[in-house]
Each structure stands twice: as structure tokens, then as C-alpha cells.
$ cat data_17.pdb   # PDB, C-alpha atoms and all ligand atoms
ATOM      1  CA  MET J 209     -61.001-157.649 194.227
ATOM      2  CA  LEU J 210     -57.242-157.660 195.038
ATOM      3  CA  LYS J 211     -56.064-155.126 192.454
ATOM      4  CA  GLY J 212     -52.882-153.373 193.599
ATOM      5  CA  LYS J 213     -52.350-155.723 196.541
ATOM      6  CA  VAL J 214     -49.087-157.649 196.976
ATOM      7  CA  ALA J 215     -49.035-161.321 197.993
ATOM      8  CA  ILE J 216     -46.146-163.605 198.912
ATOM      9  CA  VAL J 217     -46.949-167.312 198.555
ATOM     10  CA  THR J 218     -44.186-169.562 199.879
ATOM     11  CA  GLY J 219     -43.707-172.884 198.103
ATOM     12  CA  SER J 220     -45.599-171.708 195.024
ATOM     13  CA  THR J 221     -43.548-173.408 192.309
ATOM     14  CA  SER J 222     -45.725-176.540 192.671
ATOM     15  CA  GLY J 223     -48.993-177.987 193.949
ATOM     16  CA  ILE J 224     -51.241-176.067 196.331
ATOM     17  CA  GLY J 225     -49.033-172.957 196.494
ATOM     18  CA  LEU J 226     -49.106-172.610 192.718
ATOM     19  CA  GLY J 227     -52.912-172.995 192.752
ATOM     20  CA  ILE J 228     -53.117-170.219 195.363
ATOM     21  CA  ALA J 229     -50.741-167.901 193.458
ATOM     22  CA  ARG J 230     -52.768-168.374 190.253
ATOM     23  CA  GLU J 231     -56.070-167.636 192.015
ATOM     24  CA  LEU J 232     -54.770-164.490 193.750
ATOM     25  CA  ALA J 233     -53.261-163.226 190.458
ATOM     26  CA  LYS J 234     -56.618-163.789 188.702
ATOM     27  CA  LEU J 235     -58.140-161.454 191.284
ATOM     28  CA  GLY J 236     -55.554-158.778 190.477
ATOM     29  CA  ALA J 237     -52.876-159.270 193.156
ATOM     30  CA  ASN J 238     -49.186-158.862 192.350
ATOM     31  CA  ILE J 239     -47.387-162.028 193.343
ATOM     32  CA  VAL J 240     -44.043-163.062 194.789
ATOM     33  CA  LEU J 241     -43.494-166.709 193.909
ATOM     34  CA  ASN J 242     -41.152-168.816 196.044
ATOM     35  CA  GLY J 243     -39.970-172.412 196.046
ATOM     36  CA  PHE J 244     -37.520-174.780 194.443
ATOM     37  CA  GLY J 245     -37.380-176.180 190.923
ATOM     38  CA  ASP J 246     -35.812-175.942 187.513
ATOM     39  CA  SER J 247     -35.121-172.256 186.759
ATOM     40  CA  SER J 248     -36.535-172.338 183.209
ATOM     41  CA  GLU J 249     -39.720-174.075 184.504
ATOM     42  CA  ILE J 250     -40.054-171.424 187.220
ATOM     43  CA  GLU J 251     -39.597-168.635 184.656
ATOM     44  CA  LYS J 252     -42.332-170.250 182.511
ATOM     45  CA  ILE J 253     -44.684-170.275 185.511
ATOM     46  CA  ARG J 254     -43.762-166.678 186.402
ATOM     47  CA  SER J 255     -44.257-165.255 182.922
ATOM     48  CA  GLY J 256     -47.430-167.344 182.414
ATOM     49  CA  ILE J 257     -49.156-165.917 185.493
ATOM     50  CA  ASP J 258     -47.895-162.437 184.615
ATOM     51  CA  GLY J 259     -49.085-162.633 180.994
ATOM     52  CA  GLU J 260     -52.514-164.113 181.751
ATOM     53  CA  ASN J 261     -53.430-161.575 184.415
ATOM     54  CA  GLY J 262     -51.493-158.385 183.703
ATOM     55  CA  VAL J 263     -50.111-158.325 187.233
ATOM     56  CA  ARG J 264     -46.497-158.039 188.401
ATOM     57  CA  VAL J 265     -45.070-161.460 189.269
ATOM     58  CA  GLU J 266     -41.604-161.872 190.744
ATOM     59  CA  TYR J 267     -39.713-164.884 192.022
ATOM     60  CA  ASP J 268     -37.721-165.078 195.257
ATOM     61  CA  GLY J 269     -35.763-168.296 195.720
ATOM     62  CA  ALA J 270     -35.454-168.035 199.525
ATOM     63  CA  ASP J 271     -34.918-171.374 201.258
ATOM     64  CA  VAL J 272     -37.547-171.057 203.994
ATOM     65  CA  SER J 273     -35.761-173.566 206.230
ATOM     66  CA  ASP J 274     -33.531-170.534 207.013
ATOM     67  CA  GLY J 275     -35.434-168.039 209.165
ATOM     68  CA  ASP J 276     -33.144-165.152 208.171
ATOM     69  CA  ALA J 277     -33.778-165.885 204.486
ATOM     70  CA  VAL J 278     -37.542-165.725 205.129
ATOM     71  CA  ARG J 279     -37.131-162.354 206.857
ATOM     72  CA  ARG J 280     -34.972-161.073 203.969
ATOM     73  CA  MET J 281     -37.654-162.153 201.445
ATOM     74  CA  ILE J 282     -40.327-160.173 203.332
ATOM     75  CA  GLU J 283     -38.093-157.086 203.597
ATOM     76  CA  ALA J 284     -37.041-157.307 199.928
ATOM     77  CA  THR J 285     -40.699-157.561 198.845
ATOM     78  CA  ILE J 286     -41.655-154.492 200.887
ATOM     79  CA  GLY J 287     -38.602-152.697 199.434
ATOM     80  CA  ARG J 288     -39.471-153.536 195.812
ATOM     81  CA  PHE J 289     -43.274-153.193 195.895
ATOM     82  CA  GLY J 290     -43.597-150.624 198.691
ATOM     83  CA  ARG J 291     -46.186-152.785 200.471
ATOM     84  CA  LEU J 292     -47.176-156.284 201.575
ATOM     85  CA  ASP J 293     -50.831-157.234 201.935
ATOM     86  CA  ILE J 294     -51.086-161.019 201.880
ATOM     87  CA  LEU J 295     -48.697-163.633 203.258
ATOM     88  CA  VAL J 296     -49.488-167.266 202.511
ATOM     89  CA  ASN J 297     -47.242-169.628 204.467
ATOM     90  CA  ASN J 298     -47.572-172.725 202.323
ATOM     91  CA  ALA J 299     -44.136-174.310 201.767
ATOM     92  CA  GLY J 300     -44.035-177.735 203.368
ATOM     93  CA  ILE J 301     -42.397-181.141 203.248
ATOM     94  CA  GLN J 302     -43.312-184.601 204.513
ATOM     95  CA  PHE J 303     -41.391-187.598 205.818
ATOM     96  CA  THR J 304     -42.874-190.727 207.370
ATOM     97  CA  ALA J 305     -41.351-193.165 209.888
ATOM     98  CA  PRO J 306     -42.271-194.596 213.297
ATOM     99  CA  VAL J 307     -41.301-192.175 216.048
ATOM    100  CA  GLU J 308     -38.453-194.345 217.388
ATOM    101  CA  GLU J 309     -36.886-194.458 213.909
ATOM    102  CA  PHE J 310     -37.604-190.839 212.936
ATOM    103  CA  PRO J 311     -34.284-189.264 211.824
ATOM    104  CA  PRO J 312     -33.549-186.159 213.955
ATOM    105  CA  ALA J 313     -32.406-184.268 210.836
ATOM    106  CA  LYS J 314     -35.822-184.875 209.206
ATOM    107  CA  TRP J 315     -37.571-183.773 212.407
ATOM    108  CA  LYS J 316     -35.595-180.509 212.345
ATOM    109  CA  ALA J 317     -36.157-179.882 208.626
ATOM    110  CA  ILE J 318     -39.930-180.400 208.948
ATOM    111  CA  LEU J 319     -40.196-178.150 212.006
ATOM    112  CA  ASP J 320     -38.071-175.459 210.285
ATOM    113  CA  ILE J 321     -39.970-175.488 206.970
ATOM    114  CA  ASN J 322     -43.530-176.326 208.071
ATOM    115  CA  LEU J 323     -43.619-174.236 211.277
ATOM    116  CA  SER J 324     -40.689-171.892 212.013
ATOM    117  CA  ALA J 325     -40.742-170.346 208.506
ATOM    118  CA  ALA J 326     -44.299-169.134 209.208
ATOM    119  CA  PHE J 327     -43.160-167.587 212.510
ATOM    120  CA  HIS J 328     -40.333-165.661 210.820
ATOM    121  CA  GLY J 329     -42.556-164.564 207.930
ATOM    122  CA  ILE J 330     -45.359-163.394 210.201
ATOM    123  CA  ALA J 331     -43.005-161.578 212.591
ATOM    124  CA  SER J 332     -41.513-159.624 209.659
ATOM    125  CA  ALA J 333     -44.801-158.957 207.848
ATOM    126  CA  VAL J 334     -46.993-157.783 210.740
ATOM    127  CA  PRO J 335     -45.352-154.339 211.275
ATOM    128  CA  GLN J 336     -45.914-153.435 207.583
ATOM    129  CA  MET J 337     -49.496-154.790 207.640
ATOM    130  CA  LYS J 338     -50.178-152.775 210.817
ATOM    131  CA  LYS J 339     -48.941-149.608 209.057
ATOM    132  CA  GLN J 340     -51.317-150.351 206.176
ATOM    133  CA  ARG J 341     -54.136-151.228 208.614
ATOM    134  CA  TRP J 342     -54.905-154.239 206.400
ATOM    135  CA  GLY J 343     -53.333-157.638 206.037
ATOM    136  CA  ARG J 344     -54.187-161.262 205.437
ATOM    137  CA  ILE J 345     -52.004-164.046 206.866
ATOM    138  CA  ILE J 346     -53.002-167.500 205.727
ATOM    139  CA  ASN J 347     -51.174-170.560 206.988
ATOM    140  CA  ILE J 348     -51.604-173.742 204.990
ATOM    141  CA  ALA J 349     -51.803-176.288 207.786
ATOM    142  CA  SER J 350     -53.484-179.669 207.207
ATOM    143  CA  ALA J 351     -56.071-182.089 208.539
ATOM    144  CA  HIS J 352     -52.933-183.138 210.412
ATOM    145  CA  GLY J 353     -53.084-179.772 212.206
ATOM    146  CA  LEU J 354     -56.276-181.027 213.863
ATOM    147  CA  VAL J 355     -55.913-184.811 214.144
ATOM    148  CA  ALA J 356     -53.020-187.279 213.982
ATOM    149  CA  SER J 357     -51.928-190.257 211.910
ATOM    150  CA  THR J 358     -49.203-192.781 212.599
ATOM    151  CA  HIS J 359     -45.637-192.279 211.334
ATOM    152  CA  LYS J 360     -45.974-188.509 210.936
ATOM    153  CA  ALA J 361     -44.569-187.274 214.265
ATOM    154  CA  ALA J 362     -42.800-184.215 212.871
ATOM    155  CA  TYR J 363     -45.481-183.261 210.357
ATOM    156  CA  VAL J 364     -48.357-183.573 212.842
ATOM    157  CA  ALA J 365     -46.382-181.699 215.518
ATOM    158  CA  ALA J 366     -45.504-178.911 213.069
ATOM    159  CA  LYS J 367     -49.037-178.574 211.702
ATOM    160  CA  HIS J 368     -50.609-178.559 215.187
ATOM    161  CA  GLY J 369     -48.009-175.905 216.058
ATOM    162  CA  LEU J 370     -49.004-173.895 213.000
ATOM    163  CA  VAL J 371     -52.657-173.959 214.081
ATOM    164  CA  GLY J 372     -51.567-172.753 217.547
ATOM    165  CA  LEU J 373     -49.480-169.956 216.017
ATOM    166  CA  THR J 374     -52.491-168.959 213.901
ATOM    167  CA  LYS J 375     -54.628-168.534 217.030
ATOM    168  CA  VAL J 376     -52.014-166.409 218.834
ATOM    169  CA  VAL J 377     -51.456-164.130 215.830
ATOM    170  CA  GLY J 378     -55.223-163.869 215.301
ATOM    171  CA  LEU J 379     -55.552-162.614 218.892
ATOM    172  CA  GLU J 380     -52.542-160.289 218.755
ATOM    173  CA  THR J 381     -53.710-158.608 215.545
ATOM    174  CA  ALA J 382     -57.457-158.536 216.268
ATOM    175  CA  GLY J 383     -58.937-155.121 215.513
ATOM    176  CA  SER J 384     -55.887-153.969 213.518
ATOM    177  CA  GLY J 385     -57.277-154.774 210.063
ATOM    178  CA  ILE J 386     -55.156-157.929 209.919
ATOM    179  CA  THR J 387     -56.587-161.428 210.035
ATOM    180  CA  CYS J 388     -54.668-164.680 210.494
ATOM    181  CA  ASN J 389     -56.231-168.039 209.670
ATOM    182  CA  ALA J 390     -55.192-171.580 208.844
ATOM    183  CA  VAL J 391     -56.518-173.666 205.967
ATOM    184  CA  CYS J 392     -56.543-177.394 206.694
ATOM    185  CA  PRO J 393     -56.590-179.488 203.516
ATOM    186  CA  GLY J 394     -57.176-183.227 203.441
ATOM    187  CA  TRP J 395     -55.658-185.102 200.484
ATOM    188  CA  VAL J 396     -54.785-182.900 197.508
ATOM    189  CA  ARG J 397     -53.160-184.622 194.527
ATOM    190  CA  THR J 398     -49.711-182.956 194.415
ATOM    191  CA  PRO J 399     -46.116-184.278 194.255
ATOM    192  CA  LEU J 400     -46.121-184.446 198.080
ATOM    193  CA  VAL J 401     -48.983-186.991 197.963
ATOM    194  CA  GLU J 402     -47.819-188.821 194.807
ATOM    195  CA  LYS J 403     -44.781-189.906 196.831
ATOM    196  CA  GLN J 404     -47.058-191.359 199.548
ATOM    197  CA  ILE J 405     -49.087-193.209 196.878
ATOM    198  CA  ASP J 406     -45.819-194.693 195.542
ATOM    199  CA  ASP J 407     -44.886-195.798 199.087
ATOM    200  CA  ILE J 408     -48.259-197.570 199.641
ATOM    201  CA  ALA J 409     -48.036-199.276 196.223
ATOM    202  CA  ALA J 410     -44.473-200.491 196.935
ATOM    203  CA  GLU J 411     -45.205-201.572 200.513
ATOM    204  CA  LYS J 412     -48.361-203.546 199.621
ATOM    205  CA  GLY J 413     -47.335-204.696 196.136
ATOM    206  CA  ILE J 414     -50.440-203.137 194.561
ATOM    207  CA  SER J 415     -50.974-200.826 191.574
ATOM    208  CA  ARG J 416     -50.840-197.021 191.916
ATOM    209  CA  LYS J 417     -54.572-196.900 191.145
ATOM    210  CA  GLU J 418     -55.333-199.328 193.986
ATOM    211  CA  ALA J 419     -52.939-197.461 196.277
ATOM    212  CA  THR J 420     -54.737-194.190 195.467
ATOM    213  CA  GLY J 421     -58.080-195.799 196.367
ATOM    214  CA  GLU J 422     -56.659-197.068 199.678
ATOM    215  CA  LEU J 423     -55.132-193.687 200.531
ATOM    216  CA  LEU J 424     -58.489-191.940 200.053
ATOM    217  CA  ALA J 425     -60.628-194.654 201.670
ATOM    218  CA  GLU J 426     -58.519-194.638 204.834
ATOM    219  CA  LYS J 427     -59.093-190.933 205.627
ATOM    220  CA  GLN J 428     -61.227-188.950 203.187
ATOM    221  CA  PRO J 429     -64.956-189.922 203.206
ATOM    222  CA  SER J 430     -65.673-188.033 199.958
ATOM    223  CA  LEU J 431     -63.263-190.511 198.278
ATOM    224  CA  ASP J 432     -62.018-187.664 196.126
ATOM    225  CA  PHE J 433     -59.088-185.246 196.226
ATOM    226  CA  ALA J 434     -59.431-181.520 196.865
ATOM    227  CA  SER J 435     -57.735-179.526 194.106
ATOM    228  CA  PRO J 436     -55.101-176.758 194.229
ATOM    229  CA  GLU J 437     -57.719-174.497 192.549
ATOM    230  CA  GLN J 438     -60.183-175.162 195.383
ATOM    231  CA  LEU J 439     -57.502-174.298 197.937
ATOM    232  CA  GLY J 440     -56.792-171.132 195.931
ATOM    233  CA  GLY J 441     -60.486-170.273 196.119
ATOM    234  CA  THR J 442     -60.506-170.797 199.892
ATOM    235  CA  VAL J 443     -57.552-168.442 200.308
ATOM    236  CA  ALA J 444     -59.270-165.891 198.025
ATOM    237  CA  PHE J 445     -62.379-166.100 200.250
ATOM    238  CA  LEU J 446     -60.233-165.373 203.326
ATOM    239  CA  CYS J 447     -58.809-162.326 201.495
ATOM    240  CA  SER J 448     -62.287-160.989 200.663
ATOM    241  CA  ALA J 449     -64.251-158.416 202.640
ATOM    242  CA  VAL J 450     -66.837-160.976 203.807
ATOM    243  CA  ALA J 451     -64.034-162.644 205.790
ATOM    244  CA  ASP J 452     -63.048-159.476 207.695
ATOM    245  CA  GLN J 453     -64.293-160.963 210.978
ATOM    246  CA  ILE J 454     -62.832-164.440 210.463
ATOM    247  CA  THR J 455     -59.572-164.640 212.404
ATOM    248  CA  GLY J 456     -57.587-167.012 214.584
ATOM    249  CA  THR J 457     -59.394-170.045 213.242
ATOM    250  CA  THR J 458     -59.197-172.952 210.799
ATOM    251  CA  ILE J 459     -61.102-173.843 207.635
ATOM    252  CA  SER J 460     -61.062-177.512 206.650
ATOM    253  CA  VAL J 461     -61.105-178.507 202.986
ATOM    254  CA  ASP J 462     -60.877-182.218 203.638
ATOM    255  CA  GLY J 463     -63.847-184.125 202.190
ATOM    256  CA  GLY J 464     -65.030-184.931 205.723
ATOM    257  CA  TRP J 465     -61.703-186.286 207.081
ATOM    258  CA  THR J 466     -61.869-184.448 210.426
ATOM    259  CA  ALA J 467     -65.630-184.896 210.896
ATOM    260  CA  GLN J 468     -65.016-188.539 211.770
TER
HETATM  261  P1  LIG Z 501     -45.599-179.778 196.849
HETATM  262  O1  LIG Z 501     -44.479-180.716 197.164
HETATM  263  O2  LIG Z 501     -46.321-179.894 195.562
HETATM  264  O3  LIG Z 501     -45.106-178.261 196.984
HETATM  265  C1  LIG Z 501     -44.284-177.845 198.037
HETATM  266  C2  LIG Z 501     -43.696-176.495 197.669
HETATM  267  O4  LIG Z 501     -42.839-176.072 198.744
HETATM  268  C3  LIG Z 501     -42.814-176.545 196.415
HETATM  269  O5  LIG Z 501     -42.960-175.340 195.690
HETATM  270  C4  LIG Z 501     -41.397-176.644 197.000
HETATM  271  O6  LIG Z 501     -40.388-176.177 196.119
HETATM  272  C5  LIG Z 501     -41.572-175.745 198.210
HETATM  273  N1  LIG Z 501     -40.549-175.945 199.219
HETATM  274  C6  LIG Z 501     -40.179-177.091 199.850
HETATM  275  N2  LIG Z 501     -39.165-176.853 200.693
HETATM  276  C7  LIG Z 501     -38.886-175.526 200.598
HETATM  277  C8  LIG Z 501     -37.932-174.680 201.215
HETATM  278  N3  LIG Z 501     -37.046-175.142 202.101
HETATM  279  N4  LIG Z 501     -37.918-173.370 200.851
HETATM  280  C9  LIG Z 501     -38.792-172.877 199.950
HETATM  281  N5  LIG Z 501     -39.719-173.642 199.341
HETATM  282  C10 LIG Z 501     -39.760-174.948 199.665
HETATM  283  O7  LIG Z 501     -46.589-179.944 198.101
HETATM  284  P2  LIG Z 501     -48.121-179.510 198.319
HETATM  285  O8  LIG Z 501     -48.892-180.751 198.476
HETATM  286  O9  LIG Z 501     -48.554-178.492 197.345
HETATM  287  O10 LIG Z 501     -47.987-178.867 199.763
HETATM  288  C11 LIG Z 501     -48.151-177.492 200.028
HETATM  289  C12 LIG Z 501     -48.564-177.319 201.480
HETATM  290  O11 LIG Z 501     -49.834-177.933 201.677
HETATM  291  C13 LIG Z 501     -47.606-177.976 202.483
HETATM  292  O12 LIG Z 501     -47.456-177.149 203.613
HETATM  293  C14 LIG Z 501     -48.324-179.257 202.855
HETATM  294  O13 LIG Z 501     -47.966-179.708 204.123
HETATM  295  C15 LIG Z 501     -49.767-178.790 202.795
HETATM  296  N6  LIG Z 501     -50.733-179.884 202.661
HETATM  297  C16 LIG Z 501     -50.724-180.668 201.545
HETATM  298  C17 LIG Z 501     -51.678-181.676 201.444
HETATM  299  C18 LIG Z 501     -51.765-182.583 200.251
HETATM  300  O14 LIG Z 501     -52.561-183.529 200.297
HETATM  301  N7  LIG Z 501     -51.031-182.348 199.195
HETATM  302  C19 LIG Z 501     -52.604-181.881 202.469
HETATM  303  C20 LIG Z 501     -52.558-181.060 203.585
HETATM  304  C21 LIG Z 501     -51.624-180.048 203.660
END
$ encode --input "data_17.pdb" --output "C-alpha cells" --more "lines below"
Ligand code: NAD
Amino acid sequence: MLKGKVAIVTGSTSGIGLGIARELAKLGANIVLNGFGDSSEIEKIRSGIDGENGVRVEYDGADVSDGDAVRRMIEATIGRFGRLDILVNNAGIQFTAPVEEFPPAKWKAILDINLSAAFHGIASAVPQMKKQRWGRIINIASAHGLVASTHKAAYVAAKHGLVGLTKVVGLETAGSGITCNAVCPGWVRTPLVEKQIDDIAAEKGISRKEATGELLAEKQPSLDFASPEQLGGTVAFLCSAVADQITGTTISVDGGWTAQ
């Protein structure tokens, strides 16, 4: 379905981004991986996806907290592959604290990585996608792009901002062959969430298993996690021809979180 297409997935050395990269490669897309981690682990991931799917997989270590680095990654990809078809803005971080104690440096880092990186990536990718008269921009927002929780001022602000950006870009590119949508996951079991499970267990003096149950019961009515593979499948759907008229909107994969 995506044979010959080129996809950049930011933050794809772990978790949801890796699930998305794997799914797009299975469908034939060439992939640019991005994110932090141990270089031999990253090379194992890169060659694994390459070998399993017979697609070209490259790694770009851009730190997406730097807008210029994001723009350079987009330009370098277009330079090396001659095209760019799919941009998945997925890299993200979390930090929790009451608003009056929220460290300004954490606020800035979350806004830079979870929101501004998508702006820089989109701004650089759209001209090439317009030339090709086809493009898919998929922003990995969150249930927290639609509703709030306590102690997540920066994250909720950034993710709501990302949903707003998605709407604007959906409007600005409508009719050009480009679509721009946001995927809003609820809890997905990744390192980002493991840390929050650890925090609940430590704070309440309960086991990790009990903390996991509490985390799910508080927000996610299905009482189960969504998986990186399911998020990959959602992104693949948005890249398919049946989604040509879906733009400027959100798709929740949240076990009922935001239906409440
Ligand atoms: P994760 O911690 O497993 O992966 C985050 C990825 O982003 C990693 O590859 C990391 O190296 C990369 N990254 C972090 N900072 C970066 C930077 N400055 N430059 C480049 N790469 C950077 O987290 P995840 O749970 O897979 O999260 C992926 C996205 O999904 C995030 O945007 C997150 O907000 C969103 N999300 C996650 C959940 C969840 O429950 N896990 C729920 C809703 C939304």
C-alpha cells in the first residue's frame, strides 16, 4: 500500500513511534527513524526493520527540541530520498507537578518537543508534499489533547496546542492532496507510562501491579492498554486511500477515556 513512499517518524526508537515505524515499513514505506538511545540498540532496530521488510531504513538523530535540527532532518530526508510522503510527529516527553511548582525549564522542554517540533516539521514538509500533490501529516497528540488531568500543565497545554495546529494545517492544505490529523491515545504501555506507574507505586506504597490497576481504573474504562501496534495500525489507516477525506480532525484510541 505504501511501496516507494518515504516516512519520517520522530521519536521512533521506542514505544508508540517504533510501533508506527514497524507498521509503515510492513506496508512498504521507506523509513527515517529518529530518537535517542544506545547506538548499537538503534542499529539493531534499524537493520531489523530493514531486513524484515526489504525497505530502506535510515536513522537521523536530530534532537527535536531544536527547531532548526527538525528542519535540517526534513531537508536531509528530501535530499537523500528525493521525496517525503508521510510525517509522523510523535516524539514526546512528560513531567508532572502542580502548576505552582512546575519548573519553567520543564515547561519549555515539553512545549519545544511536544508542540514546536511538529510546527517546524510541518512547515518544512508541506512545500515538498504540495509539489508531490500527496502527503500525510499525523500528529501523535493524546487524550490530553482533548481533556485535562491535574499536574500536567505543560503536557496538556502542548497536546491541546497540537490538536489546534492539526486543525489549522488541515484547513490550509485541504484540496492539495495532503491531509493532517491527530491521533489521541489513552494509556499505552511504554517507558513514558512505566515511569508514571513507578511514581504511583512509590507515592501510595503499593505494588506496581496495583499501581497499574489504579492508573487504568482512574481514566481508561476498558481497563486495558492500547498497544504500539494498534497505534501503528491507526496511522496506517490514515495513510490509506479510504482516509483521503479525513483531515483536520482527531482519532481517539483511548478505551473510552474521553467518552466520559
Ligand atoms: P517513549 O518514551 O517510549 O518514546 C518517546 C520517543 O521520543 C523516544 O524514541 C525518545 O528517544 C524520543 N524523544 C524524546 N525526546 C526527544 C528529542 N528531544 N528529540 C528526538 N526524540 C526524542 O514514549 P511513548 O509513550 O511512545 O510516547 C510517544 C508519543 O505518544 C508522545 O508524544 C506521547 O506524548 C504520546 N502519548 C503516549 C501515551 C502513552 O500512554 N504512552 C498516551 C498518549 C500520548
$ atom_distance --input "data_17.pdb" --atom1 "atom CA of J:Glu422" --atom2 "atom CA of J:Lys314"
26.0 Å
$ atom_distance --input "data_17.pdb" --atom1 "atom CA of J:Phe310" --atom2 "atom CA of J:His368"
18.0 Å
$ residues_near_ligand --input "data_17.pdb" --ligand "ligand LIG 501 (chain Z)" --cutoff "8 Å" --atoms "all atoms listed in the file" --output "ChimeraX atom specification"
/J:218-226,242-245,269-274,297-302,321-322,348-352,363,367,392-401,433-434,436
$ resolve_selection --input "data_17.pdb" --expression "the PyMOL selection byres (((chain J and resi 234) around 9) and not hetatm)" --output "ChimeraX atom specification"
/J:210,229-233,235-237,257,260-263
$ resolve_selection --input "data_17.pdb" --expression "the PyMOL selection byres (((chain J and resi 338) around 12) and not hetatm)" --output "list of chain:residue names"
J:Arg291, J:Leu292, J:Asp293, J:Ile330, J:Ala331, J:Ser332, J:Ala333, J:Val334, J:Pro335, J:Gln336, J:Met337, J:Lys339, J:Gln340, J:Arg341, J:Trp342, J:Gly343, J:Arg344, J:Glu380, J:Thr381, J:Ala382, J:Gly383, J:Ser384, J:Gly385, J:Ile386, J:Thr387
$ closest_residue --input "data_17.pdb" --among "J:Ile239, J:Leu423, J:Ala305, J:Val278" --to "J:His359" --atoms "only C-alpha atoms"
J:Ala305
$ atom_distance --input "data_17.pdb" --atom1 "atom CA of J:Asn389" --atom2 "atom CA of J:Lys403"
27.8 Å
$ closest_residue --input "data_17.pdb" --among "J:Asp320, J:Met281, J:Ile228, J:Gly329" --to "J:Gly440" --atoms "all atoms listed in the file"
J:Ile228
$ decode --input "data_17.pdb" --residues "stretch 309-316 of chain J" --atoms "all heavy atoms" --output "short mmCIF file (atom, residue, chain, number, x, y, z; two decimals), in the first residue's frame"
data_model
loop_
_atom_site.label_atom_id
_atom_site.label_comp_id
_atom_site.auth_asym_id
_atom_site.auth_seq_id
_atom_site.Cartn_x
_atom_site.Cartn_y
_atom_site.Cartn_z
N GLU J 309 4.40 24.66 41.15
CA GLU J 309 5.75 24.10 41.35
C GLU J 309 6.39 23.66 40.03
O GLU J 309 7.50 23.12 40.02
CB GLU J 309 5.68 22.88 42.28
CG GLU J 309 5.29 23.22 43.69
CD GLU J 309 4.85 21.98 44.47
OE1 GLU J 309 5.20 20.84 44.08
OE2 GLU J 309 4.11 22.16 45.46
N PHE J 310 5.69 23.86 38.92
CA PHE J 310 6.17 23.33 37.64
C PHE J 310 7.45 24.06 37.22
O PHE J 310 7.46 25.27 37.00
CB PHE J 310 5.09 23.49 36.56
CG PHE J 310 5.10 22.37 35.56
CD1 PHE J 310 4.29 21.25 35.74
CD2 PHE J 310 5.94 22.41 34.45
CE1 PHE J 310 4.31 20.20 34.83
CE2 PHE J 310 5.96 21.37 33.54
CZ PHE J 310 5.15 20.27 33.73
N PRO J 311 8.58 23.36 37.06
CA PRO J 311 9.84 24.04 36.72
C PRO J 311 9.75 24.66 35.32
O PRO J 311 9.42 23.95 34.36
CB PRO J 311 10.88 22.92 36.74
CG PRO J 311 10.23 21.77 37.42
CD PRO J 311 8.76 21.90 37.22
N PRO J 312 10.05 25.96 35.19
CA PRO J 312 9.98 26.61 33.88
C PRO J 312 10.79 25.89 32.80
O PRO J 312 10.38 25.85 31.64
CB PRO J 312 10.54 28.01 34.15
CG PRO J 312 10.22 28.26 35.59
CD PRO J 312 10.35 26.93 36.28
N ALA J 313 11.92 25.30 33.17
CA ALA J 313 12.74 24.60 32.17
C ALA J 313 12.00 23.37 31.62
O ALA J 313 12.11 23.04 30.45
CB ALA J 313 14.07 24.18 32.78
N LYS J 314 11.23 22.70 32.49
CA LYS J 314 10.44 21.53 32.05
C LYS J 314 9.29 22.00 31.15
O LYS J 314 8.94 21.35 30.16
CB LYS J 314 9.86 20.76 33.24
CG LYS J 314 10.91 20.05 34.06
CD LYS J 314 11.40 18.79 33.35
CE LYS J 314 12.38 18.03 34.23
NZ LYS J 314 13.17 17.05 33.46
N TRP J 315 8.67 23.11 31.54
CA TRP J 315 7.60 23.69 30.70
C TRP J 315 8.13 23.94 29.29
O TRP J 315 7.54 23.53 28.30
CB TRP J 315 7.10 25.00 31.34
CG TRP J 315 6.21 25.80 30.42
CD1 TRP J 315 6.60 26.74 29.51
CD2 TRP J 315 4.78 25.71 30.31
NE1 TRP J 315 5.50 27.23 28.84
CE2 TRP J 315 4.38 26.62 29.30
CE3 TRP J 315 3.80 24.95 30.96
CZ2 TRP J 315 3.04 26.80 28.93
CZ3 TRP J 315 2.46 25.12 30.58
CH2 TRP J 315 2.09 26.03 29.59
N LYS J 316 9.31 24.57 29.21
CA LYS J 316 9.88 24.91 27.89
C LYS J 316 10.22 23.65 27.11
O LYS J 316 9.91 23.55 25.91
CB LYS J 316 11.12 25.79 28.08
CG LYS J 316 11.70 26.22 26.74
CD LYS J 316 12.81 27.23 26.85
CE LYS J 316 13.34 27.68 25.50
NZ LYS J 316 13.40 26.68 24.45
#
